[in-house]
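Undergrad: Following this line is data_38.txt, made up of compact mmCIF, C-alpha atoms:
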# COMPACT_ATOMS: atom_id res chain seq x y z
CA MET A 1 17.20 -4.06 -19.33
CA LYS A 2 18.52 -5.79 -16.23
CA ARG A 3 15.83 -6.36 -13.62
CA THR A 4 16.17 -7.09 -9.90
CA TRP A 5 13.80 -9.17 -7.78
CA ILE A 6 12.72 -8.07 -4.32
CA TRP A 7 10.93 -10.40 -1.90
CA PHE A 8 8.75 -9.21 1.01
CA MET A 9 9.15 -11.21 4.20
CA ALA A 10 7.87 -10.82 7.73
CA GLY A 11 10.70 -9.31 9.82
CA PRO A 12 12.27 -6.19 11.52
CA MET A 13 12.66 -2.90 9.78
CA ILE A 14 14.05 0.51 10.71
CA LEU A 15 11.53 3.23 9.88
CA THR A 16 12.51 6.68 8.72
CA ALA A 17 10.38 9.63 7.69
CA CYS A 18 11.43 11.80 4.79
CA GLY A 19 10.12 15.11 3.54
CA LEU A 20 9.51 16.42 0.06
CA ALA A 21 11.77 19.15 -1.25
CA LYS A 22 9.85 22.32 -1.93
CA GLY A 23 8.67 22.69 -5.50
CA GLU A 24 9.40 19.12 -6.61
CA PRO A 25 6.56 17.45 -8.51
CA SER A 26 8.06 14.02 -7.89
CA MET A 27 10.34 12.61 -5.24
CA SER A 28 14.11 12.83 -5.07
CA SER A 29 15.62 9.36 -5.35
CA GLU A 30 18.64 10.18 -3.17
CA ALA A 31 17.15 8.72 0.03
CA PHE A 32 15.10 6.00 -1.69
CA THR A 33 16.91 2.68 -1.27
CA LEU A 34 14.91 0.56 -3.71
CA PRO A 35 17.19 0.05 -6.74
CA SER A 36 16.07 1.68 -9.95
CA ASP A 37 16.19 -1.67 -11.77
CA GLY A 38 14.65 -3.67 -8.91
CA CYS A 39 11.99 -6.36 -8.97
CA VAL A 40 9.77 -6.84 -5.92
CA VAL A 41 8.05 -10.10 -5.08
CA PHE A 42 5.65 -10.33 -2.15
CA LEU A 43 5.56 -13.80 -0.59
CA GLY A 44 3.38 -15.10 2.21
CA ASP A 45 0.07 -16.48 3.34
CA VAL A 46 -3.48 -15.15 3.09
CA LEU A 47 -2.36 -11.63 4.03
CA VAL A 48 -0.32 -11.51 0.83
CA GLU A 49 -2.71 -13.47 -1.38
CA ARG A 50 -5.77 -11.36 -0.53
CA GLY A 51 -4.07 -8.20 0.65
CA THR A 52 -3.91 -4.95 -1.28
CA PHE A 53 -0.66 -3.70 0.25
CA PRO A 54 1.51 -5.07 -2.60
CA GLU A 55 -0.63 -3.07 -5.03
CA LEU A 56 -0.46 0.03 -2.84
CA VAL A 57 3.32 -0.15 -2.53
CA GLU A 58 3.75 -0.50 -6.29
CA SER A 59 1.35 2.32 -7.14
CA PHE A 60 3.17 4.68 -4.79
CA VAL A 61 6.57 3.86 -6.27
CA ARG A 62 5.20 4.25 -9.80
CA ILE A 63 3.80 7.70 -8.99
CA ALA A 64 6.47 9.10 -6.68
CA TYR A 65 9.48 7.69 -8.53
CA PRO A 66 8.45 7.48 -12.21
CA GLU A 67 12.05 6.92 -13.28
CA ASN A 68 12.29 3.79 -11.10
CA GLN A 69 11.93 0.62 -13.16
CA THR A 70 11.37 -1.78 -10.27
CA ARG A 71 9.21 -4.81 -11.11
CA PHE A 72 6.64 -6.09 -8.60
CA PHE A 73 5.25 -9.60 -8.18
CA GLN A 74 2.60 -10.70 -5.66
CA LEU A 75 2.95 -14.38 -4.81
CA GLY A 76 0.74 -15.40 -1.89
CA GLY A 77 -0.93 -18.64 -0.87
CA VAL A 78 -3.59 -19.09 1.81
CA SER A 79 -1.77 -21.97 3.51
CA ALA A 80 1.81 -20.82 2.88
CA THR A 81 4.40 -21.58 5.56
CA PRO A 82 8.09 -20.70 5.80
CA GLN A 83 8.88 -24.22 4.60
CA SER A 84 6.63 -24.02 1.53
CA ILE A 85 7.94 -20.54 0.70
CA ALA A 86 11.52 -21.82 0.84
CA GLN A 87 10.59 -24.69 -1.47
CA VAL A 88 8.90 -22.43 -4.03
CA PHE A 89 11.81 -20.04 -3.85
CA ASP A 90 14.38 -22.73 -4.61
CA ALA A 91 12.33 -24.74 -7.08
CA ASP A 92 10.74 -21.97 -9.13
CA VAL A 93 11.56 -18.39 -8.19
CA LEU A 94 15.29 -18.83 -8.62
CA ASP A 95 14.56 -19.65 -12.26
CA PHE A 96 13.37 -16.08 -12.77
CA ASP A 97 15.67 -14.04 -14.96
CA PRO A 98 17.28 -12.23 -13.29
CA MET A 99 17.29 -13.75 -9.83
CA PRO A 100 15.72 -11.92 -6.89
CA THR A 101 17.80 -9.43 -4.94
CA HIS A 102 15.27 -8.69 -2.18
CA ALA A 103 12.61 -10.79 -0.45
CA VAL A 104 9.71 -9.59 1.73
CA VAL A 105 7.64 -12.28 3.44
CA CYS A 106 4.52 -12.00 5.57
CA VAL A 107 3.72 -15.37 7.11
CA GLY A 108 2.50 -16.82 10.40
CA LEU A 109 -1.12 -15.74 10.81
CA ASN A 110 -2.49 -19.02 9.47
CA ILE A 111 -0.49 -21.25 11.83
CA ALA A 112 -2.92 -21.20 14.75
CA ASN A 113 -6.07 -20.99 12.61
CA MET A 114 -8.39 -19.30 15.14
CA ARG A 115 -7.03 -21.19 18.15
CA ASN A 116 -4.21 -20.57 20.60
CA ILE A 117 -0.82 -21.68 19.39
CA GLU A 118 1.06 -24.42 21.27
CA ASP A 119 4.66 -23.99 22.40
CA GLU A 120 5.79 -26.83 20.15
CA GLU A 121 4.12 -25.24 17.13
CA LEU A 122 5.77 -21.91 17.82
CA ALA A 123 9.18 -23.54 18.22
CA SER A 124 8.71 -25.38 14.92
CA PHE A 125 7.65 -22.15 13.20
CA GLN A 126 10.79 -20.42 14.45
CA VAL A 127 13.04 -23.19 13.12
CA GLU A 128 11.27 -23.13 9.73
CA LEU A 129 11.50 -19.34 9.57
CA GLU A 130 15.22 -19.38 10.42
CA THR A 131 15.82 -22.05 7.78
CA MET A 132 13.87 -20.11 5.16
CA VAL A 133 15.73 -16.86 5.87
CA THR A 134 19.11 -18.61 5.84
CA LYS A 135 18.35 -20.28 2.53
CA ILE A 136 17.18 -17.07 0.84
CA LYS A 137 20.09 -15.05 2.20
CA SER A 138 22.50 -17.69 0.89
CA ARG A 139 21.36 -16.69 -2.59
CA ASP A 140 22.56 -13.11 -1.98
CA VAL A 141 18.97 -11.95 -1.51
CA GLN A 142 18.08 -9.29 1.04
CA VAL A 143 15.25 -10.30 3.36
CA THR A 144 12.57 -8.19 5.06
CA LEU A 145 10.04 -9.78 7.41
CA LEU A 146 6.56 -8.48 8.23
CA THR A 147 4.86 -9.41 11.48
CA PRO A 148 1.13 -10.16 11.05
CA PRO A 149 -1.30 -7.43 12.17
CA SER A 150 -2.86 -7.61 15.63
CA ALA A 151 -6.35 -9.03 16.05
CA ASP A 152 -9.26 -6.78 17.04
CA LEU A 153 -10.78 -8.66 19.95
CA ASN A 154 -13.79 -6.32 20.06
CA ARG A 155 -14.84 -7.56 16.62
CA ASN A 156 -14.70 -11.30 17.30
CA VAL A 157 -16.11 -13.04 20.37
CA ARG A 158 -14.06 -16.18 19.80
CA LEU A 159 -10.78 -14.27 19.46
CA LYS A 160 -11.60 -12.33 22.63
CA SER A 161 -12.29 -15.52 24.58
CA LEU A 162 -8.90 -16.83 23.47
CA ASP A 163 -7.11 -13.57 24.36
CA TYR A 164 -5.76 -14.05 20.87
CA ASN A 165 -3.21 -11.24 20.75
CA THR A 166 -1.46 -12.16 23.99
CA ALA A 167 -1.72 -15.92 23.55
CA THR A 168 -1.09 -16.22 19.82
CA VAL A 169 -0.54 -13.31 17.40
CA GLY A 170 1.71 -11.42 19.78
CA ARG A 171 3.84 -14.53 20.34
CA ILE A 172 4.13 -15.12 16.59
CA ALA A 173 5.15 -11.48 16.09
CA GLU A 174 7.78 -11.72 18.84
CA THR A 175 9.19 -14.88 17.26
CA ILE A 176 9.48 -13.08 13.91
CA ARG A 177 11.22 -10.14 15.62
CA LYS A 178 13.74 -12.50 17.22
CA VAL A 179 14.52 -14.23 13.94
CA ALA A 180 14.89 -10.91 12.14
CA SER A 181 17.22 -9.60 14.83
CA ALA A 182 19.34 -12.76 14.91
CA GLN A 183 19.53 -13.04 11.12
CA GLY A 184 20.08 -9.32 10.51
CA THR A 185 17.09 -8.97 8.19
CA GLY A 186 14.74 -6.04 7.74
CA LEU A 187 11.58 -5.87 9.83
CA VAL A 188 8.25 -4.07 9.56
CA ASP A 189 6.30 -4.54 12.78
CA TRP A 190 2.74 -4.54 11.47
CA TYR A 191 1.59 -6.11 14.74
CA GLY A 192 2.97 -3.41 17.01
CA GLU A 193 1.97 -0.52 14.76
CA SER A 194 -1.58 -1.81 14.30
CA LEU A 195 -2.02 -1.97 18.09
CA LYS A 196 -0.71 1.57 18.42
CA GLN A 197 -2.70 3.06 15.54
CA ARG A 198 -5.93 1.36 16.63
CA GLU A 199 -5.73 3.15 19.97
CA VAL A 200 -4.95 6.45 18.22
CA ARG A 201 -7.97 6.09 15.93
CA ARG A 202 -10.31 5.02 18.75
CA ALA A 203 -9.59 8.24 20.60
CA GLY A 204 -11.72 9.91 17.92
CA ASP A 205 -13.95 6.97 17.01
CA PRO A 206 -14.59 4.36 19.74
CA ASN A 207 -15.92 1.89 17.16
CA PHE A 208 -12.90 2.08 14.85
CA SER A 209 -11.41 -1.17 13.59
CA PHE A 210 -8.90 -2.22 10.94
CA SER A 211 -10.94 -5.38 10.34
CA ARG A 212 -14.55 -6.43 10.05
CA ASP A 213 -13.94 -9.98 11.30
CA GLY A 214 -11.28 -8.99 13.81
CA LEU A 215 -8.47 -10.76 11.98
CA ARG A 216 -8.10 -9.87 8.30
CA PRO A 217 -7.31 -6.20 7.66
CA GLN A 218 -9.32 -4.05 5.30
CA THR A 219 -7.90 -1.25 3.17
CA GLU A 220 -6.76 1.01 5.99
CA GLY A 221 -4.82 -1.84 7.59
CA ASN A 222 -3.18 -2.66 4.26
CA ALA A 223 -2.43 1.02 3.73
CA LEU A 224 -0.78 1.16 7.16
CA VAL A 225 1.74 -1.58 6.40
CA SER A 226 2.30 -0.12 2.90
CA ALA A 227 3.32 3.21 4.41
CA LEU A 228 5.57 1.52 6.97
CA LEU A 229 7.31 -0.48 4.26
CA LEU A 230 7.74 2.53 2.00
CA LYS A 231 9.19 4.56 4.87
CA SER A 232 11.62 1.76 5.63
CA TRP A 233 12.93 2.20 2.08
CA GLY A 234 13.35 5.92 2.63
CA ALA A 235 10.41 6.87 0.41
CA GLN A 236 9.43 10.53 0.65
CA PRO A 237 5.79 11.64 0.78
CA LEU A 238 3.96 12.92 -2.26
CA ARG A 239 3.28 16.47 -1.17
CA ASP A 240 2.10 19.82 -2.43
CA SER A 241 0.81 22.93 -0.68
CA ILE A 242 -1.83 24.96 -2.52
CA THR A 243 -3.27 28.29 -1.39
CA LEU A 244 -6.31 29.72 -3.15
CA ASP A 245 -7.81 33.16 -2.66
CA PHE A 246 -11.37 32.44 -3.73
CA LYS A 247 -12.34 36.11 -3.83
CA THR A 248 -9.66 37.07 -6.37
CA GLY A 249 -9.20 33.68 -8.05
CA THR A 250 -5.44 33.65 -7.47
CA VAL A 251 -3.53 30.51 -6.52
CA THR A 252 -0.02 29.56 -5.43
CA SER A 253 1.44 26.08 -5.13
CA GLU A 254 4.81 24.66 -4.15
CA SER A 255 4.87 22.51 -7.28
CA GLY A 256 3.94 25.34 -9.63
CA ARG A 257 1.62 22.92 -11.43
CA VAL A 258 -1.70 24.45 -10.42
CA GLN A 259 -3.42 27.41 -12.10
CA ALA A 260 -6.68 29.14 -11.21
CA GLU A 261 -9.34 31.07 -13.14
CA LYS A 262 -12.18 32.95 -11.51
CA ILE A 263 -15.42 32.13 -13.32
CA SER A 264 -17.82 34.07 -11.09
CA ASP A 265 -18.21 35.22 -7.52
CA THR A 266 -19.14 31.66 -6.57
CA GLU A 267 -17.01 29.59 -8.95
CA VAL A 268 -13.28 29.08 -9.54
CA ARG A 269 -11.65 26.68 -12.01
CA LEU A 270 -8.44 24.93 -10.92
CA ARG A 271 -6.19 23.46 -13.59
CA PHE A 272 -3.64 20.75 -12.73
CA ASP A 273 -0.94 20.22 -15.38
CA GLY A 274 1.44 17.28 -15.07
CA PHE A 275 0.38 16.86 -11.46
CA PRO A 276 1.40 13.55 -9.79
CA LEU A 277 -1.52 11.16 -9.36
CA PRO A 278 -2.89 10.87 -5.82
CA TRP A 279 -1.99 7.71 -3.92
CA ALA A 280 -5.52 6.34 -4.09
CA MET A 281 -6.59 3.41 -1.91
CA PRO A 282 -8.83 0.72 -3.47
CA ARG A 283 -11.64 0.79 -0.89
CA VAL A 284 -14.43 -1.72 -0.36
CA ARG A 285 -18.06 -0.83 0.24
CA GLY A 286 -18.57 1.04 3.49
CA GLU A 287 -14.99 2.31 3.80
CA THR A 288 -14.28 6.03 3.77
CA GLN A 289 -10.74 7.26 3.28
CA SER A 290 -10.02 10.07 5.73
CA PRO A 291 -7.18 12.33 6.87
CA ASP A 292 -6.95 10.22 10.05
CA TRP A 293 -5.43 7.34 8.08
CA PHE A 294 -1.75 6.94 9.04
CA ALA A 295 -0.94 6.24 5.38
CA MET A 296 -2.28 9.61 4.23
CA GLY A 297 0.88 11.12 5.65
CA MET A 298 2.53 9.70 2.52
CA CYS A 299 0.28 11.71 0.18
CA ASP A 300 -0.73 15.21 1.21
CA TYR A 301 -1.95 17.59 -1.48
CA SER A 302 -3.07 20.24 0.98
CA ILE A 303 -5.25 23.12 -0.22
CA ARG A 304 -6.14 26.15 1.89
CA VAL A 305 -8.91 28.38 0.65
CA GLN A 306 -9.37 31.97 1.78
CA GLY A 307 -12.23 34.36 1.13
CA LEU A 308 -15.06 31.83 0.82
CA PRO A 309 -18.43 33.64 0.73
CA ASN A 310 -20.42 30.62 1.99
CA ASP A 311 -20.09 27.71 4.41
CA ALA A 312 -18.86 25.00 2.04
CA LEU A 313 -17.16 24.31 -1.25
CA GLN A 314 -18.24 21.74 -3.80
CA VAL A 315 -15.24 20.27 -5.61
CA SER A 316 -16.17 18.63 -8.91
CA GLY A 317 -14.19 16.91 -11.63
CA GLU A 318 -14.10 13.86 -13.89
CA GLY A 319 -13.86 11.55 -10.88
CA GLY A 320 -16.89 12.92 -9.06
CA SER A 321 -17.73 15.64 -6.57
CA SER A 322 -17.77 16.24 -2.83
CA ARG A 323 -18.67 19.05 -0.45
CA ILE A 324 -15.99 20.27 1.92
CA SER A 325 -16.67 22.51 4.90
CA LYS A 326 -15.32 26.04 5.06
CA GLU A 327 -13.69 25.30 8.41
CA LEU A 328 -11.72 22.39 6.98
CA LEU A 329 -10.73 24.30 3.85
CA GLU A 330 -9.42 27.22 5.88
CA ALA A 331 -7.37 24.85 8.04
CA GLY A 332 -6.14 22.82 5.06
CA TYR A 333 -7.82 19.94 3.20
CA ASN A 334 -6.00 17.06 1.52
CA LEU A 335 -7.14 16.94 -2.11
CA ALA A 336 -5.80 13.37 -2.28
CA LEU A 337 -9.07 12.48 -0.51
CA ALA A 338 -11.34 14.18 -3.04
CA PRO A 339 -13.17 11.88 -5.51
CA ALA A 340 -12.49 14.46 -8.22
CA LEU A 341 -8.84 13.28 -8.10
CA THR A 342 -8.93 9.82 -6.49
CA ASP A 343 -11.60 8.55 -8.91
CA ALA A 344 -10.30 10.38 -11.96
CA PRO A 345 -9.89 8.04 -14.98
CA ALA A 346 -6.08 8.30 -14.96
CA THR A 347 -5.91 7.39 -11.27
CA LEU A 348 -8.25 4.44 -11.64
CA ARG A 349 -6.48 3.17 -14.74
CA LEU A 350 -3.09 2.83 -13.07
CA ASN A 351 -4.56 1.07 -10.04
CA GLN A 352 -6.65 -1.29 -12.15
CA LEU A 353 -3.68 -2.27 -14.32
CA ILE A 354 -1.53 -3.04 -11.29
CA SER A 355 -4.31 -5.01 -9.62
CA THR A 356 -4.98 -7.11 -12.74
CA LYS A 357 -1.28 -7.79 -13.22
CA ASN A 358 -0.84 -8.91 -9.61
CA ARG A 359 -3.96 -11.08 -9.51
CA LEU A 360 -2.61 -13.06 -12.45
CA PHE A 361 0.09 -14.45 -10.19
CA THR A 362 -1.87 -14.78 -6.94
CA THR A 363 -4.73 -16.68 -8.61
CA ARG A 364 -3.05 -18.47 -11.52
CA TRP A 365 0.73 -18.83 -11.25
CA ILE A 366 0.73 -20.14 -7.65
CA ASP A 367 -2.14 -22.49 -8.49
CA GLN A 368 -0.22 -23.93 -11.43
CA ILE A 369 2.95 -24.38 -9.35
CA ALA A 370 0.91 -26.42 -6.88
CA LYS A 371 -0.23 -28.66 -9.76
CA LYS A 372 3.22 -29.24 -11.18
CA PRO A 373 3.04 -32.67 -12.87
CA SER A 374 5.17 -35.55 -11.63
CA ASP A 375 5.37 -37.13 -15.09
CA PRO A 376 8.71 -36.08 -16.69
CA GLU A 377 7.09 -36.17 -20.13
CA LEU A 378 4.92 -33.19 -19.11
CA ASN A 379 7.78 -31.00 -17.88
CA GLU A 380 8.26 -29.24 -21.21
CA ALA A 381 4.56 -28.48 -21.60
CA PHE A 382 4.39 -27.25 -18.01
CA ALA A 383 7.37 -24.97 -18.60
CA MET A 384 5.61 -23.52 -21.64
CA LEU A 385 2.53 -22.82 -19.52
CA LEU A 386 4.59 -20.91 -16.95
CA LYS A 387 6.30 -19.06 -19.77
CA ALA A 388 2.90 -17.96 -21.07
CA TYR A 389 2.07 -16.50 -17.65
CA ASP A 390 5.42 -14.73 -17.61
CA LEU A 391 4.78 -13.19 -21.03
CA TYR A 392 1.29 -12.10 -19.99
CA HIS A 393 2.75 -10.48 -16.88
CA SER A 394 5.50 -8.81 -18.92
CA GLY A 395 2.90 -7.37 -21.26
CA TYR A 396 1.08 -5.75 -18.36
CA VAL A 397 4.36 -4.40 -17.01
CA GLU A 398 5.07 -2.72 -20.35
CA ILE A 399 1.57 -1.22 -20.43
CA ILE A 400 2.01 0.08 -16.88
CA ASP A 401 5.40 1.52 -17.80
CA LYS A 402 3.74 3.54 -20.55
CA THR A 403 0.71 4.59 -18.49
CA ALA A 404 0.54 8.19 -17.26
CA ARG A 405 1.61 8.82 -13.68
CA THR A 406 0.38 12.42 -13.76
CA LEU A 407 -2.92 14.25 -14.12
CA ASP A 408 -3.99 16.98 -16.55
CA VAL A 409 -7.40 17.85 -15.14
CA GLU A 410 -9.72 20.71 -14.32
CA LEU A 411 -11.67 21.00 -11.09
CA ILE A 412 -14.62 23.31 -10.57
CA LEU A 413 -14.83 24.77 -7.09
CA ARG A 414 -18.27 26.14 -6.32
CA SER A 415 -19.00 28.00 -3.10
CA GLU A 416 -22.35 27.10 -1.57
CA ALA A 417 -24.05 26.29 1.70
CA PRO A 418 -24.10 22.51 2.33
CA ARG A 419 -27.48 20.98 1.55
CA GLY A 420 -27.60 17.20 1.39
CA GLY A 421 -25.17 14.99 -0.51
CA ARG A 422 -21.74 14.11 0.72
CA SER A 423 -20.10 16.58 3.08
CA GLU A 424 -16.63 16.47 4.54
CA THR A 425 -16.33 17.56 8.15
CA PRO A 426 -13.31 18.70 10.13
CA VAL A 427 -11.37 15.88 11.78
CA ARG A 428 -8.98 15.79 14.67
CA SER A 429 -5.42 16.24 13.44
CA ARG A 430 -2.70 13.84 14.57
Turn the structure described in the file into structure tokens.
TA:
Amino acid sequence: MKRTWIWFMAGPMILTACGLAKGEPSMSSEAFTLPSDGCVVFLGDVLVERGTFPELVESFVRIAYPENQTRFFQLGGVSATPQSIAQVFDADVLDFDPMPTHAVVCVGLNIANMRNIEDEELASFQVELETMVTKIKSRDVQVTLLTPPSADLNRNVRLKSLDYNTATVGRIAETIRKVASAQGTGLVDWYGESLKQREVRRAGDPNFSFSRDGLRPQTEGNALVSALLLKSWGAQPLRDSITLDFKTGTVTSESGRVQAEKISDTEVRLRFDGFPLPWAMPRVRGETQSPDWFAMGMCDYSIRVQGLPNDALQVSGEGGSSRISKELLEAGYNLALAPALTDAPATLRLNQLISTKNRLFTTRWIDQIAKKPSDPELNEAFAMLLKAYDLYHSGYVEIIDKTARTLDVELILRSEAPRGGRSETPVRSR
């Protein structure tokens, strides 16, 4: 089967929001611009090497567009520059079969390295970026550029003393915007959106931050740029609307893939058949996924429960359990946040496979490219080594292709007054 390569690059992008047609279990591909036989490669610096957004983008496409056969590669290097990316692209990536058709690059954050950038450095970065974009476009490859995310000056005394956003990150982002505009490439403005969304989130939580160290984004920051990129491709949200009458045990859903059975006055069983997996975020310790996340607008499995006899509902399943307040359930709760679905074996399996496949390239392939021998007698052996990585990657791709993108699960909903344990509370809606 013919495959297409897509590269992710830091640059401007037009964002569009799309809705889900009523009753569809998966998304219509009419507005989705990613080709069905595409192949996506993420290139860039530390934000690509250690970021989870390439994994998040792939998992969403796999779930929402199961017929799409796009291939995804994550190729990041801590010290990558536009010049080094251009060199790798010409020397190695063009040897991929087939050649890339799209490129997305996120680069620039590592230039200043925790100090204010000089005018000469910024001018040199712009020239390198223009050269890189020109070279990639000359190969009939579409380019999308990502600006780096803004720094959180409240989380880092040094960055605050440097006025790092105004003096450095903002200037890098503006340079990327200029190049994208002049070259006619796509652009996702992670910098501008992270500034905006940080203020939105702090209206409800004054201590909110996308980053622990003020510079490198955690899961919510990665999820933000994932959603922006997906929207730029015209991706439609995963969405379902479920209404449950707890008193009678009757349920309706837009997808028609949810059934209910009343077990007792305090228990109802929900059955999901062929239900699209939730777009689960791989969180680190201390992070809590919440409806306030901008990215959750891309996955909303809303359930409204009527006739609850008590103040809370415990939702339990293979993935775990959580208590949800009556107030939130009556207003509408996103089941894509419930551990019963997000930590279900099928959900975890898809994410783990994608993560393992991607890490192969970010930790092994790039490292081997950097050690390419200068002795011509070793060229053949080196080529065999790269071929082995390619075969390993292809094996994972085939496994992922055959891995379920839907859930067949039962959830037990038990009405009870909250008493200890985890409890969801109502949050301010956007």
Undergrad: Record the distance separating atom CA of Ser59 of chain A and atom CA of Gln259 of chain A, expressed in Å with one decimal.
TA: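 Atom CA of Gln259 of chain A lies at a distance of 26.0 Å from atom CA of Ser59 of chain A.
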Undergrad: Residues within 9 Å of Leu277 of chain A, please, as a PyMOL selection string. Count all atoms listed in the file; anything in the same chain fewer than 6 positions from it doesn't count.
TA: chain A and resi 63-64+336+341-342+346-347+404-407
Undergrad: Just C-alpha atoms for this one: save the residues we selected as a JSON list (two decimals), in the frame of the given file.
TA:
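File part28.json, as written:
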[["chain", "number", "residue", "atom", "x", "y", "z"],
["A", 63, "ILE", "CA", 3.80, 7.70, -8.99],
["A", 64, "ALA", "CA", 6.47, 9.10, -6.68],
["A", 336, "ALA", "CA", -5.80, 13.37, -2.28],
["A", 341, "LEU", "CA", -8.84, 13.28, -8.10],
["A", 342, "THR", "CA", -8.93, 9.82, -6.49],
["A", 346, "ALA", "CA", -6.08, 8.30, -14.96],
["A", 347, "THR", "CA", -5.91, 7.39, -11.27],
["A", 404, "ALA", "CA", 0.54, 8.19, -17.26],
["A", 405, "ARG", "CA", 1.61, 8.82, -13.68],
["A", 406, "THR", "CA", 0.38, 12.42, -13.76],
["A", 407, "LEU", "CA", -2.92, 14.25, -14.12]]
Undergrad: Please measure the separation of atom CA of Tyr389 of chain A and atom CA of Lys357 of chain A, giving the value in Å to one decimal.
TA: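 One can read the atom CA of Tyr389 of chain A to atom CA of Lys357 of chain A distance as 10.3 Å.
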Undergrad: Quick one: residues within 6 Å of Gly77 of chain A, all atoms listed in the file, excluding same-chain residues fewer than 5 positions away - as a list in words?
TA: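 Listing them by chain and then by number gives Asp45, Val46 and Glu49 of chain A.
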Undergrad: Between atom CA of Val107 of chain A and atom CA of Ala180 of chain A, what is the spacing in Å?
TA: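 Distance reported for this atom pair: 13.0 Å.
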Undergrad: So, counting only C-alpha atoms, which residue among A:Asp240, A:Glu254, A:Asp292, A:Glu380 is closest to Leu335 of chain A?
TA: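 Closest candidate: A:Asp240.
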Undergrad: Given the choices A:Ala112, A:Met99, A:Ala388, A:Leu153, which gets closest to Asp140 of chain A if the distance is worked out from all atoms listed in the file?
TA: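 When distances to Asp140 of chain A are compared using all atoms listed in the file, the smallest one comes from A:Met99.
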Undergrad: Which of these residues is nearest to Met132 of chain A, using all atoms listed in the file: A:Asn68, A:Gln183, A:Pro149, A:Gly221?
TA: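 With all atoms listed in the file as the atom set, the closest residue is A:Gln183.
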Undergrad: Measuring between all atoms listed in the file, which one of A:Ile176, A:Leu337, A:Ala227, A:Ile399 shows the shortest distance to Leu350 of chain A?
TA: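 Closest to Leu350 of chain A of all the choices is A:Ile399.
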Undergrad: Determine, using all atoms listed in the file, which residues of segment 113-224 of chain A have any atom at most 10 Å from an atom of segment 294-310 of chain A, and tabulate each with its shortest atom pair and distance in Å to one decimal place, rows ordered by chain and then rising number, as a Markdown table.
TA:
| residue | atom | partner | partner_atom | distance |
| --- | --- | --- | --- | --- |
| A:Gln197 | CA | A:Phe294 | CA | 7.6 |
| A:Val200 | CA | A:Phe294 | CA | 9.7 |
| A:Arg201 | CA | A:Phe294 | CA | 9.3 |
| A:Glu220 | CA | A:Ala295 | CA | 7.8 |
| A:Gly221 | CA | A:Ala295 | CA | 9.2 |
| A:Asn222 | CA | A:Ala295 | CA | 9.2 |
| A:Ala223 | CA | A:Ala295 | CA | 5.7 |
| A:Leu224 | CA | A:Ala295 | CA | 5.4 |
Undergrad: Quick one: of A:Arg216, A:Lys135, A:Arg155, A:Arg269, who's nearest to Arg414 of chain A, counting only C-alpha atoms?
TA: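 When distances to Arg414 of chain A are compared using only C-alpha atoms, the smallest one comes from A:Arg269.
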Undergrad: Looking at A:Val397, A:Ala103, A:Gln236, A:Pro373, which one is nearest to Thr134 of chain A, with distances taken over all atoms listed in the file?
TA: A:Ala103
Undergrad: Hey, what's within 8 Å of Gln74 of chain A if we count all atoms listed in the file and toss same-chain stuff fewer than 5 positions away? As a list in words, please?
TA: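 In the requested form, the answer reads Val41, Phe42, Leu43, Val48, Glu49, Pro54, Asn358, Arg359, Phe361 and Thr362 of chain A.
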